[in-house]
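For reference, input.txt (compact mmCIF, C-alpha atoms and all ligand atoms):
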# COMPACT_ATOMS: atom_id res chain seq x y z
CA MET A 283 187.07 58.88 24.92
CA GLN A 284 190.29 56.91 24.94
CA LYS A 285 191.61 58.82 21.95
CA SER A 286 191.03 62.18 23.52
CA LEU A 287 192.84 61.22 26.70
CA LYS A 288 196.09 60.75 24.89
CA PHE A 289 197.19 64.31 24.50
CA LYS A 290 197.14 67.49 26.44
CA PRO A 291 196.08 70.60 24.55
CA SER A 292 198.45 73.47 24.76
CA ILE A 293 197.39 77.04 25.30
CA LYS A 294 197.65 77.63 21.56
CA ASP A 295 194.85 75.17 20.90
CA LEU A 296 192.22 77.24 22.62
CA ALA A 297 191.06 80.46 21.02
CA ILE A 298 191.03 82.33 24.27
CA ASP A 299 192.45 85.39 25.86
CA ALA A 300 195.93 84.29 26.88
CA LEU A 301 195.68 86.29 30.06
CA LYS A 302 192.94 83.98 31.29
CA ILE A 303 195.16 80.93 31.30
CA GLU A 304 198.70 80.61 32.42
CA ARG A 305 198.88 76.86 32.31
CA GLU A 306 198.03 73.89 30.15
CA TYR A 307 194.94 71.81 30.66
CA SER A 308 194.38 68.11 30.36
CA LEU A 309 191.19 66.75 28.88
CA ASP A 310 190.26 64.64 31.87
CA TRP A 311 188.64 65.29 35.24
CA TRP A 312 191.08 63.68 37.68
CA SER A 313 194.47 65.29 37.26
CA HIS A 314 195.94 68.51 38.62
CA SER A 315 195.69 70.13 35.21
CA SER A 316 192.00 69.23 34.63
CA ILE A 317 189.60 72.03 33.73
CA PHE A 318 187.39 70.70 36.53
CA ARG A 319 187.66 67.75 38.91
CA TYR A 320 185.36 64.82 39.57
CA ASN A 321 186.07 61.75 41.66
CA ALA A 322 184.89 58.80 39.57
CA LEU A 323 185.60 57.19 36.21
CA MET A 324 184.35 54.12 34.40
CA VAL A 325 186.02 52.45 31.44
CA SER A 326 185.33 49.25 29.59
CA SER A 327 187.97 46.60 30.28
CA PHE A 328 187.84 45.78 26.59
CA TYR A 329 189.49 49.13 25.84
CA GLY A 330 191.36 49.51 29.12
CA MET A 331 193.21 46.21 28.71
CA LYS A 332 195.21 47.70 25.86
CA TRP A 333 197.26 49.29 28.65
CA GLY A 334 198.36 46.83 31.34
CA ASN A 335 199.10 49.73 33.67
CA PHE A 336 196.09 51.83 32.68
CA ARG A 337 195.70 53.50 36.07
CA GLN A 338 199.30 54.60 36.17
CA PHE A 339 199.41 55.52 32.49
CA TYR A 340 196.50 57.94 32.84
CA ASN A 341 197.51 59.17 36.31
CA ILE A 342 194.21 58.11 37.84
CA PRO A 343 194.30 58.91 41.57
CA LYS A 344 194.50 56.02 44.03
CA ASN A 345 192.86 57.83 46.94
CA ASP A 346 189.42 59.43 47.23
CA PHE A 347 188.58 58.24 43.76
CA LEU A 348 186.35 55.49 42.40
CA PHE A 349 187.71 53.78 39.31
CA VAL A 350 185.14 51.35 37.93
CA ALA A 351 185.57 48.96 35.00
CA ASP A 352 182.85 47.38 32.95
CA SER A 353 183.78 43.85 31.96
CA GLY A 354 183.70 44.38 28.19
CA GLY A 355 180.81 41.95 27.75
CA TYR A 356 179.01 44.45 25.55
CA GLN A 357 181.99 44.67 23.19
CA VAL A 358 182.36 40.87 23.25
CA SER A 359 178.80 40.63 22.06
CA THR A 360 178.66 43.50 19.57
CA GLN A 361 182.17 43.31 18.12
CA LYS A 362 182.39 39.52 18.12
CA VAL A 363 185.68 39.42 19.98
CA ALA A 364 186.81 36.95 22.62
CA ILE A 365 188.13 37.92 26.04
CA GLU A 366 189.13 35.44 28.71
CA PRO A 367 187.55 35.96 32.15
CA THR A 368 190.94 35.47 33.86
CA GLU A 369 192.53 38.10 31.62
CA VAL A 370 189.84 40.60 32.61
CA LEU A 371 190.18 39.72 36.27
CA ASN A 372 193.97 40.11 36.24
CA TRP A 373 193.68 43.50 34.59
CA MET A 374 191.01 44.60 37.07
CA GLU A 375 193.12 43.45 40.02
CA ALA A 376 196.01 45.60 38.84
CA ASN A 377 193.98 48.69 38.00
CA VAL A 378 190.51 49.30 39.35
CA ASP A 379 188.55 49.74 42.58
CA VAL A 380 185.38 48.08 41.30
CA GLY A 381 185.02 45.62 38.44
CA MET A 382 182.17 43.68 36.85
CA THR A 383 181.86 40.01 36.00
CA LEU A 384 182.30 39.21 32.31
CA ASP A 385 178.77 38.69 31.04
CA VAL A 386 177.70 37.53 27.61
CA PRO A 387 174.75 39.78 26.77
CA PRO A 388 171.90 38.12 24.83
CA LEU A 389 172.88 38.16 21.15
CA ASP A 390 169.74 39.72 19.75
CA MET A 391 169.43 42.25 22.53
CA SER A 392 170.53 45.65 21.34
CA LEU A 393 169.78 48.75 23.34
CA LYS A 394 166.39 48.99 21.65
CA VAL A 395 165.36 45.45 20.76
CA VAL A 396 164.66 42.78 23.33
CA GLY A 397 165.31 39.26 22.11
CA THR A 398 163.65 35.93 22.84
CA PHE A 399 163.67 34.21 26.22
CA GLU A 400 165.53 31.26 24.68
CA ASN A 401 168.42 33.49 23.63
CA PHE A 402 168.30 35.15 27.01
CA LYS A 403 168.69 31.77 28.76
CA LEU A 404 171.57 30.83 26.46
CA ALA A 405 173.34 34.09 27.32
CA ALA A 406 172.80 33.39 31.02
CA ARG A 407 174.44 29.97 30.59
CA HIS A 408 177.46 31.42 28.77
CA SER A 409 177.77 34.19 31.32
CA LYS A 410 177.61 31.78 34.26
CA ARG A 411 180.59 29.89 32.87
CA ASN A 412 182.61 33.13 32.89
CA TYR A 413 181.35 34.08 36.37
CA GLU A 414 182.45 30.69 37.74
CA ILE A 415 185.97 31.11 36.37
CA MET A 416 186.23 34.61 37.84
CA TYR A 417 184.81 33.46 41.16
CA LYS A 418 187.36 30.65 41.43
CA ASN A 419 190.26 33.02 40.77
CA TRP A 420 189.03 36.04 42.72
CA ASN A 421 190.68 36.87 46.04
CA GLY A 422 188.18 39.54 47.09
CA LYS A 423 190.06 42.41 45.42
CA PRO A 424 188.96 44.45 43.62
CA GLU A 425 185.28 44.57 44.49
CA LEU A 426 183.37 42.68 41.81
CA LEU A 427 179.76 43.28 40.85
CA LYS A 428 177.87 40.42 39.26
CA VAL A 429 176.14 41.51 36.06
CA ILE A 430 172.45 40.63 35.88
CA GLN A 431 170.67 41.08 32.55
CA GLY A 432 166.93 41.57 32.08
CA GLY A 433 164.36 44.33 32.40
CA THR A 434 161.27 42.33 33.43
CA ALA A 435 160.53 40.37 36.61
CA ASP A 436 160.70 36.93 34.97
CA ARG A 437 164.03 37.58 33.23
CA LEU A 438 165.63 39.21 36.25
CA ASP A 439 164.48 36.26 38.37
CA TYR A 440 165.86 33.77 35.86
CA TRP A 441 169.35 35.31 35.59
CA TYR A 442 169.58 36.10 39.29
CA ASN A 443 168.57 32.61 40.46
CA PHE A 444 170.65 30.89 37.80
CA THR A 445 173.84 32.56 39.12
CA LYS A 446 172.75 32.89 42.76
CA GLU A 447 175.37 30.66 44.40
CA LEU A 448 178.18 32.84 43.00
CA GLU A 449 178.27 35.66 45.54
CA PHE A 450 180.32 38.70 44.63
CA THR A 451 180.54 42.14 46.27
CA GLY A 452 177.30 43.37 44.74
CA LEU A 453 175.24 43.48 41.56
CA ALA A 454 175.27 45.40 38.29
CA PHE A 455 172.10 45.67 36.23
CA SER A 456 171.74 46.30 32.55
CA PRO A 457 168.10 47.17 31.85
CA LYS A 458 167.17 47.01 28.18
CA PRO A 459 165.58 48.75 26.48
CA VAL A 460 166.64 51.63 28.70
CA ASN A 461 163.54 53.51 29.80
CA GLU A 462 161.78 54.68 32.97
CA GLU A 463 160.01 51.35 33.47
CA THR A 464 162.94 48.94 33.01
CA LEU A 465 165.18 51.15 35.14
CA ALA A 466 162.64 51.34 38.00
CA ILE A 467 161.99 47.58 37.77
CA THR A 468 165.69 46.70 38.02
CA LEU A 469 166.26 49.11 40.92
CA ALA A 470 163.24 47.73 42.79
CA TYR A 471 164.50 44.23 42.07
CA ALA A 472 167.98 45.10 43.38
CA ASN A 473 166.35 46.39 46.56
CA HIS A 474 164.23 43.24 46.77
CA VAL A 475 167.23 40.86 46.59
CA GLY A 476 169.02 42.96 49.19
CA ASP A 477 172.44 43.65 47.70
CA LYS A 478 173.76 46.95 49.01
CA LYS A 479 176.39 47.81 46.39
CA VAL A 480 174.72 48.23 43.05
CA HIS A 481 175.54 49.64 39.62
CA VAL A 482 173.11 50.37 36.78
CA PHE A 483 174.44 50.65 33.25
CA LEU A 484 173.52 53.70 31.18
CA GLY A 485 171.21 55.27 33.73
CA THR A 486 171.60 58.74 32.27
CA SER A 487 169.17 61.17 30.71
CA GLU A 488 167.00 63.99 31.99
CA ASN A 489 164.02 61.68 32.48
CA ILE A 490 165.65 58.54 33.87
CA SER A 491 168.48 59.85 36.08
CA PRO A 492 165.96 61.15 38.66
CA ILE A 493 164.81 57.54 39.18
CA THR A 494 168.34 56.32 39.89
CA ILE A 495 169.03 59.22 42.22
CA TYR A 496 165.75 58.68 44.09
CA ALA A 497 166.60 54.98 44.56
CA LYS A 498 169.93 55.69 46.25
CA LYS A 499 168.10 55.63 49.60
CA PHE A 500 167.80 51.82 49.28
CA PHE A 501 171.53 51.11 48.90
CA ASP A 502 174.91 51.77 50.52
CA ARG A 503 176.40 52.65 47.16
CA LEU A 504 174.49 53.09 43.92
CA THR A 505 176.51 54.04 40.86
CA PHE A 506 175.52 54.61 37.25
CA ASP A 507 177.33 55.60 34.11
CA SER A 508 176.83 57.45 30.86
CA SER A 509 178.30 57.28 27.44
CA THR A 510 175.89 59.86 26.01
CA CYS A 511 177.90 62.84 27.22
CA THR A 512 181.05 61.75 25.44
CA SER A 513 179.78 59.80 22.43
CA SER A 514 177.32 62.46 21.28
CA ALA A 515 180.04 65.08 21.64
CA THR A 516 182.84 63.27 19.89
CA ARG A 517 180.65 61.82 17.13
CA PHE A 518 178.19 64.64 16.50
CA ARG A 519 179.49 67.65 18.45
CA ASN A 520 176.20 67.73 20.37
CA TYR A 521 176.40 70.37 23.06
CA PHE A 522 173.76 69.82 25.75
CA LEU A 523 171.86 72.91 26.80
CA PRO A 524 172.43 73.53 30.51
CA TYR A 525 168.80 74.33 31.29
CA ASN A 526 167.25 71.60 29.16
CA LEU A 527 169.47 68.55 28.88
CA SER A 528 167.15 66.82 26.44
CA LYS A 529 168.04 69.49 23.86
CA SER A 530 171.38 70.14 22.25
CA ILE A 531 173.09 72.35 19.71
CA THR A 532 175.13 70.58 17.05
CA PHE A 533 178.40 72.42 16.52
CA GLY A 534 181.04 71.37 14.03
CA GLY A 535 181.56 72.75 10.53
CA GLN A 536 177.87 72.40 9.67
CA TYR A 537 176.80 74.78 12.40
CA LYS A 538 174.76 77.52 10.77
CA GLY A 539 173.36 79.09 13.93
CA LYS A 540 173.87 82.68 14.92
CA LEU A 541 175.19 82.21 18.43
CA LYS A 542 178.17 84.42 19.19
CA HIS A 543 178.79 83.24 22.75
CA LEU A 544 178.40 79.97 24.59
CA SER A 545 175.29 80.13 26.74
CA CYS A 546 176.92 78.39 29.65
CA SER A 547 179.10 79.41 32.56
CA CYS A 548 180.74 76.04 33.19
CA PRO A 549 184.55 75.95 33.54
CA VAL A 550 184.91 74.62 29.97
CA CYS A 551 182.77 77.30 28.34
CA LYS A 552 184.54 79.98 30.33
CA LEU A 553 187.74 78.93 28.56
CA ALA A 554 186.57 77.88 25.11
CA THR A 555 184.74 79.74 22.38
CA ILE A 556 182.29 78.64 19.70
CA ASP A 557 185.21 78.58 17.26
CA ASP A 558 186.89 75.91 19.38
CA PHE A 559 183.77 73.77 19.00
CA ARG A 560 183.39 74.24 15.26
CA ILE A 561 186.61 72.76 14.02
CA GLU A 562 185.69 70.12 11.50
CA LYS A 563 187.35 66.74 11.32
CA GLY A 564 189.93 66.73 8.55
CA SER A 565 190.13 70.47 8.17
CA HIS A 566 192.78 70.68 10.87
CA ALA A 567 195.09 68.18 12.45
CA THR A 568 193.22 65.23 13.96
CA LYS A 569 194.53 66.40 17.29
CA THR A 570 192.64 69.68 17.00
CA ALA A 571 189.45 68.04 15.73
CA SER A 572 189.54 65.71 18.70
CA LEU A 573 190.04 68.71 20.97
CA ALA A 574 186.68 70.17 19.88
CA GLY A 575 184.84 66.91 20.62
CA SER A 576 186.61 66.48 23.94
CA LEU A 577 185.83 70.02 25.08
CA ILE A 578 182.14 69.56 24.27
CA ALA A 579 182.21 66.20 26.07
CA LEU A 580 183.65 67.86 29.17
CA HIS A 581 180.98 70.56 29.01
CA ASN A 582 178.29 67.85 28.68
CA ILE A 583 179.69 65.93 31.64
CA TYR A 584 179.84 69.08 33.73
CA VAL A 585 176.26 70.17 33.06
CA TYR A 586 175.02 66.64 33.80
CA LEU A 587 176.99 66.57 37.06
CA GLN A 588 175.34 69.84 38.01
CA TYR A 589 171.93 68.33 37.24
CA TYR A 590 172.76 65.35 39.49
CA ASP A 591 173.98 67.58 42.31
CA PHE A 592 170.76 69.53 42.07
CA LEU A 593 168.64 66.35 42.07
CA ILE A 594 170.57 64.80 44.96
CA ALA A 595 170.02 67.90 47.09
CA LEU A 596 166.35 68.18 46.12
CA SER A 597 165.64 64.48 46.70
CA ASP A 598 165.87 64.99 50.47
CA ASP A 599 162.44 66.57 50.14
CA GLU A 600 160.48 63.95 48.21
CA GLU A 601 157.48 66.20 47.68
CA ALA A 602 159.58 69.04 46.28
CA TYR A 603 161.40 66.48 44.13
CA ARG A 604 158.15 65.22 42.61
CA THR A 605 156.81 68.75 42.14
CA PHE A 606 159.95 69.73 40.24
CA LEU A 607 159.83 66.67 37.97
CA LEU A 608 156.13 67.18 37.23
CA SER A 609 156.81 70.81 36.35
CA ARG A 610 159.25 69.49 33.70
CA GLY A 611 156.56 67.19 32.30
CA LEU A 612 158.32 64.07 33.62
CA ASN A 613 155.08 62.38 34.70
CA ASN A 614 156.24 58.87 33.87
CA THR A 615 159.40 59.43 35.88
CA VAL A 616 157.29 60.35 38.91
CA LYS A 617 155.08 57.29 38.36
CA MET A 618 158.17 55.12 38.59
CA LEU A 619 159.25 56.80 41.85
CA ASP A 620 155.85 55.78 43.22
CA PHE A 621 156.46 52.23 41.98
CA LEU A 622 159.81 52.11 43.83
CA ASP A 623 158.13 53.18 47.05
CA LEU A 624 155.24 50.75 46.55
CA ALA A 625 157.70 47.88 46.00
CA GLU A 626 159.46 48.86 49.23
CA GLN A 627 156.14 48.84 51.11
CA VAL A 628 154.31 45.78 49.74
CA GLY A 629 157.16 43.78 48.21
CA PHE A 630 158.53 43.59 44.68
CA TYR A 631 156.12 41.06 43.16
CA ASP A 632 152.91 42.60 44.50
CA ALA A 633 153.98 46.04 43.34
CA TYR A 634 155.02 44.63 39.97
CA ASN A 635 151.67 42.88 39.51
CA LYS A 636 149.81 46.02 40.41
CA VAL A 637 151.75 48.37 38.12
CA PHE A 638 152.88 46.16 35.23
CA GLY A 639 150.48 43.22 35.35
CA GLN A 640 150.98 39.58 36.27
CA VAL A 641 154.52 38.26 36.59
CA PRO A 642 154.66 35.73 33.73
ZN ZN A 701 179.60 74.70 29.44
As structure tokens, how would this structure be written, given the file I've shared?
Amino acid sequence: MQKSLKFKPSIKDLAIDALKIEREYSLDWWSHSSIFRYNALMVSSFYGMKWGNFRQFYNIPKNDFLFVADSGGYQVSTQKVAIEPTEVLNWMEANVDVGMTLDVPPLDMSLKVVGTFENFKLAARHSKRNYEIMYKNWNGKPELLKVIQGGTADRLDYWYNFTKELEFTGLAFSPKPVNEETLAITLAYANHVGDKKVHVFLGTSENISPITIYAKKFFDRLTFDSSTCTSSATRFRNYFLPYNLSKSITFGGQYKGKLKHLSCSCPVCKLATIDDFRIEKGSHATKTASLAGSLIALHNIYVYLQYYDFLIALSDDEEAYRTFLLSRGLNNTVKMLDFLDLAEQVGFYDAYNKVFGQVP
């Protein structure tokens, strides 16, 4: 994403009827020249710290906007780089509205594989050291969410209790592997411990987002993020289908489909054409190749935002909400909504025992 933010496409870059556009567009969603506007952004501090004045550099609004920064713990773990907690904190102070504590994710815990409890405990110890340094140097600004790892009751309990005396503004959870169960468990746990400002990492897909949106009733502010919309677009040119977000069309040079028009009426697809999405890396200037990926990413973000708006409105009627999800075959999603409500009624541990078996 960072690459694509660097330039603004000119009118020549889009294969469109010139009469439709009389101005240039920027490939973001927060400036006056955006194709559409949205009021929140999350970046990883690991990338953001390359610009000391990131907020100013990218013209990110100061008012009516939520600029959130992940700590970069994931990059520390996967790219084997070192970041100092004070460095992250200083950068966050100067740039963001909400930051996260610098965690050290368990080494053998990828998005799909859950590692041993011993490694998990080691990661908690390393993370706590960072949290203590940040806590000592933190003056209350920006808001800081304490990252809690784990997707089962025993692991959540371990990490939470181990770092309990370090009270920040709220909590951020990182359920792994990401699925309906681990997401519902972490949200029920967050409700159980009573923090009111909560973030969940990577809570985005057609089947799991409805759980996050349903759980917003338990918190003052519940945020979540997605990298799917951008990464699948910039890497693979995957264009999510507006009426079935679990399916996508892969554009790019390899596209052999027969579509003549984009089957979407979002602001991006009203401007762009299939040709704009098919430019292959290397065949044109890098700038143009990146334009194709960025446009698809913006389309993906827009159709997901529409899905969220729809879910948020529908969730006021919990019966209609469940009926809709069941009609999409999202039975497990609905089961997890029931678990969230059960945990609210009988308490986290009793609900957990009933639905997932004994807490180890
Ligand atoms: Zn579109």
Using all atoms listed in the file, which residues of chain A come within 6 Å of ligand ZN 701 (chain A), and what is the closest atom pair for each, with the distance in Å to one decimal? Give it as a tab-separated table, sorted by chain and residue number.
residue	atom	partner	partner_atom	distance
A:Cys546	CA	A:ZN701	ZN	4.6
A:Ser547	CA	A:ZN701	ZN	5.7
A:Cys548	CA	A:ZN701	ZN	4.1
A:Val550	CA	A:ZN701	ZN	5.3
A:Cys551	CA	A:ZN701	ZN	4.2
A:His581	CA	A:ZN701	ZN	4.4
Report task. Would you kindly return, as a PyMOL selection string, each protein, DNA or RNA residue with an atom no farther than 10 Å from any atom of Ala376 (chain A), considering all atoms listed in the file and excluding same-chain residues fewer than 6 positions away? Result -> chain A and resi 334-338+423-424
Requested in this report: Using CA of Pro343 (chain A) and CA of Tyr584 (chain A) as the two end points, give the distance in Å to one decimal.
Outcome: 19.3 Å
Report task. Give as number ranges by chain each residue that has an atom at most 12 Å from (159.6, 49.3, 52.3) in the file, counting only C-alpha atoms. Result -> A: 470, 473-474, 476, 497, 499-500, 620-630, 633
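Residues with any atom within 8 Å of the point (184.8, 42.4, 28.2), counting all atoms listed in the file, are A:Ser326, A:Ser327, A:Phe328, A:Asp352, A:Ser353, A:Gly354, A:Gly355, A:Tyr356, A:Gln357, A:Val358, A:Ile365, A:Val370, A:Leu384, A:Asp385.
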Query raised in the report: So what do you get for CA of Cys511 (chain A) versus CA of Asn582 (chain A), distance-wise?
Result: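 Separation between CA of Cys511 (chain A) and CA of Asn582 (chain A): 5.2 Å.
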List the neighbours of Asn461 (chain A) out to 12 Å using all atoms listed in the file; skip same-chain residues closer than 2 positions along the sequence, and give me the result as a PDB file with C-alpha atoms, in the frame of the given file.
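This is the output file result04.pdb:
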ATOM      1  CA  LEU A 393     169.780  48.750  23.340  1.00  0.00           C
ATOM      2  CA  LYS A 394     166.390  48.990  21.650  1.00  0.00           C
ATOM      3  CA  GLY A 433     164.360  44.330  32.400  1.00  0.00           C
ATOM      4  CA  THR A 434     161.270  42.330  33.430  1.00  0.00           C
ATOM      5  CA  SER A 456     171.740  46.300  32.550  1.00  0.00           C
ATOM      6  CA  PRO A 457     168.100  47.170  31.850  1.00  0.00           C
ATOM      7  CA  LYS A 458     167.170  47.010  28.180  1.00  0.00           C
ATOM      8  CA  PRO A 459     165.580  48.750  26.480  1.00  0.00           C
ATOM      9  CA  GLU A 463     160.010  51.350  33.470  1.00  0.00           C
ATOM     10  CA  THR A 464     162.940  48.940  33.010  1.00  0.00           C
ATOM     11  CA  LEU A 465     165.180  51.150  35.140  1.00  0.00           C
ATOM     12  CA  ALA A 466     162.640  51.340  38.000  1.00  0.00           C
ATOM     13  CA  ILE A 467     161.990  47.580  37.770  1.00  0.00           C
ATOM     14  CA  THR A 468     165.690  46.700  38.020  1.00  0.00           C
ATOM     15  CA  PHE A 483     174.440  50.650  33.250  1.00  0.00           C
ATOM     16  CA  LEU A 484     173.520  53.700  31.180  1.00  0.00           C
ATOM     17  CA  GLY A 485     171.210  55.270  33.730  1.00  0.00           C
ATOM     18  CA  THR A 486     171.600  58.740  32.270  1.00  0.00           C
ATOM     19  CA  SER A 487     169.170  61.170  30.710  1.00  0.00           C
ATOM     20  CA  GLU A 488     167.000  63.990  31.990  1.00  0.00           C
ATOM     21  CA  ASN A 489     164.020  61.680  32.480  1.00  0.00           C
ATOM     22  CA  ILE A 490     165.650  58.540  33.870  1.00  0.00           C
ATOM     23  CA  SER A 491     168.480  59.850  36.080  1.00  0.00           C
ATOM     24  CA  PRO A 492     165.960  61.150  38.660  1.00  0.00           C
ATOM     25  CA  ILE A 493     164.810  57.540  39.180  1.00  0.00           C
ATOM     26  CA  THR A 494     168.340  56.320  39.890  1.00  0.00           C
ATOM     27  CA  ASN A 614     156.240  58.870  33.870  1.00  0.00           C
ATOM     28  CA  THR A 615     159.400  59.430  35.880  1.00  0.00           C
ATOM     29  CA  MET A 618     158.170  55.120  38.590  1.00  0.00           C
TER      30      MET A 618
END
Assuming 8 Å of padding per side, give the centre and edge lengths of the axis-aligned box around every listed atom of region 451-465 of chain A, in Å to one decimal and as AutoDock Vina command-line options.
--center_x 170.3 --center_y 48.4 --center_z 36.4 --size_x 36.5 --size_y 28.5 --size_z 35.8
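Proximity to Phe347 (chain A) was assessed for A:Tyr320, A:Tyr307, A:Phe506, A:Tyr603 counting all atoms listed in the file; the smallest distance is recorded for A:Tyr320.
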Query raised in the report: Any idea what the distance is between CA of Lys479 (chain A) and CA of Leu427 (chain A)?
Result: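 Going from CA of Lys479 (chain A) over to CA of Leu427 (chain A) covers 7.9 Å.
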Requested in this report: May I have the residues within 10 Å of Arg407 (chain A) as a ChimeraX atom specification, using all atoms listed in the file and disregarding those fewer than 4 positions away in the same chain?
Outcome: /A:385-386,401-403,411-413,441,444-445
Could you give me, as a PDB file with C-alpha atoms, keeping the file's coordinate frame, the residues within 9 Å of region 344-346 of chain A, counting all atoms listed in the file and dropping anything in the same chain fewer than 5 positions from it?
ATOM      1  CA  ASN A 321     186.070  61.750  41.660  1.00  0.00           C
ATOM      2  CA  ALA A 322     184.890  58.800  39.570  1.00  0.00           C
ATOM      3  CA  ARG A 337     195.700  53.500  36.070  1.00  0.00           C
ATOM      4  CA  ASP A 379     188.550  49.740  42.580  1.00  0.00           C
TER       5      ASP A 379
END
Query - Proximity to Trp373 (chain A) - best of A:Glu449, A:Phe339, A:His408, A:Met331, all atoms listed in the file - result: A:Met331
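All residues of protein, DNA or RNA that reach within 7 Å of Thr505 (chain A), judged by all atoms listed in the file and not counting those fewer than 2 positions away in the chain, are Val480, His481, Val482, Arg503 and Asp507 of chain A.
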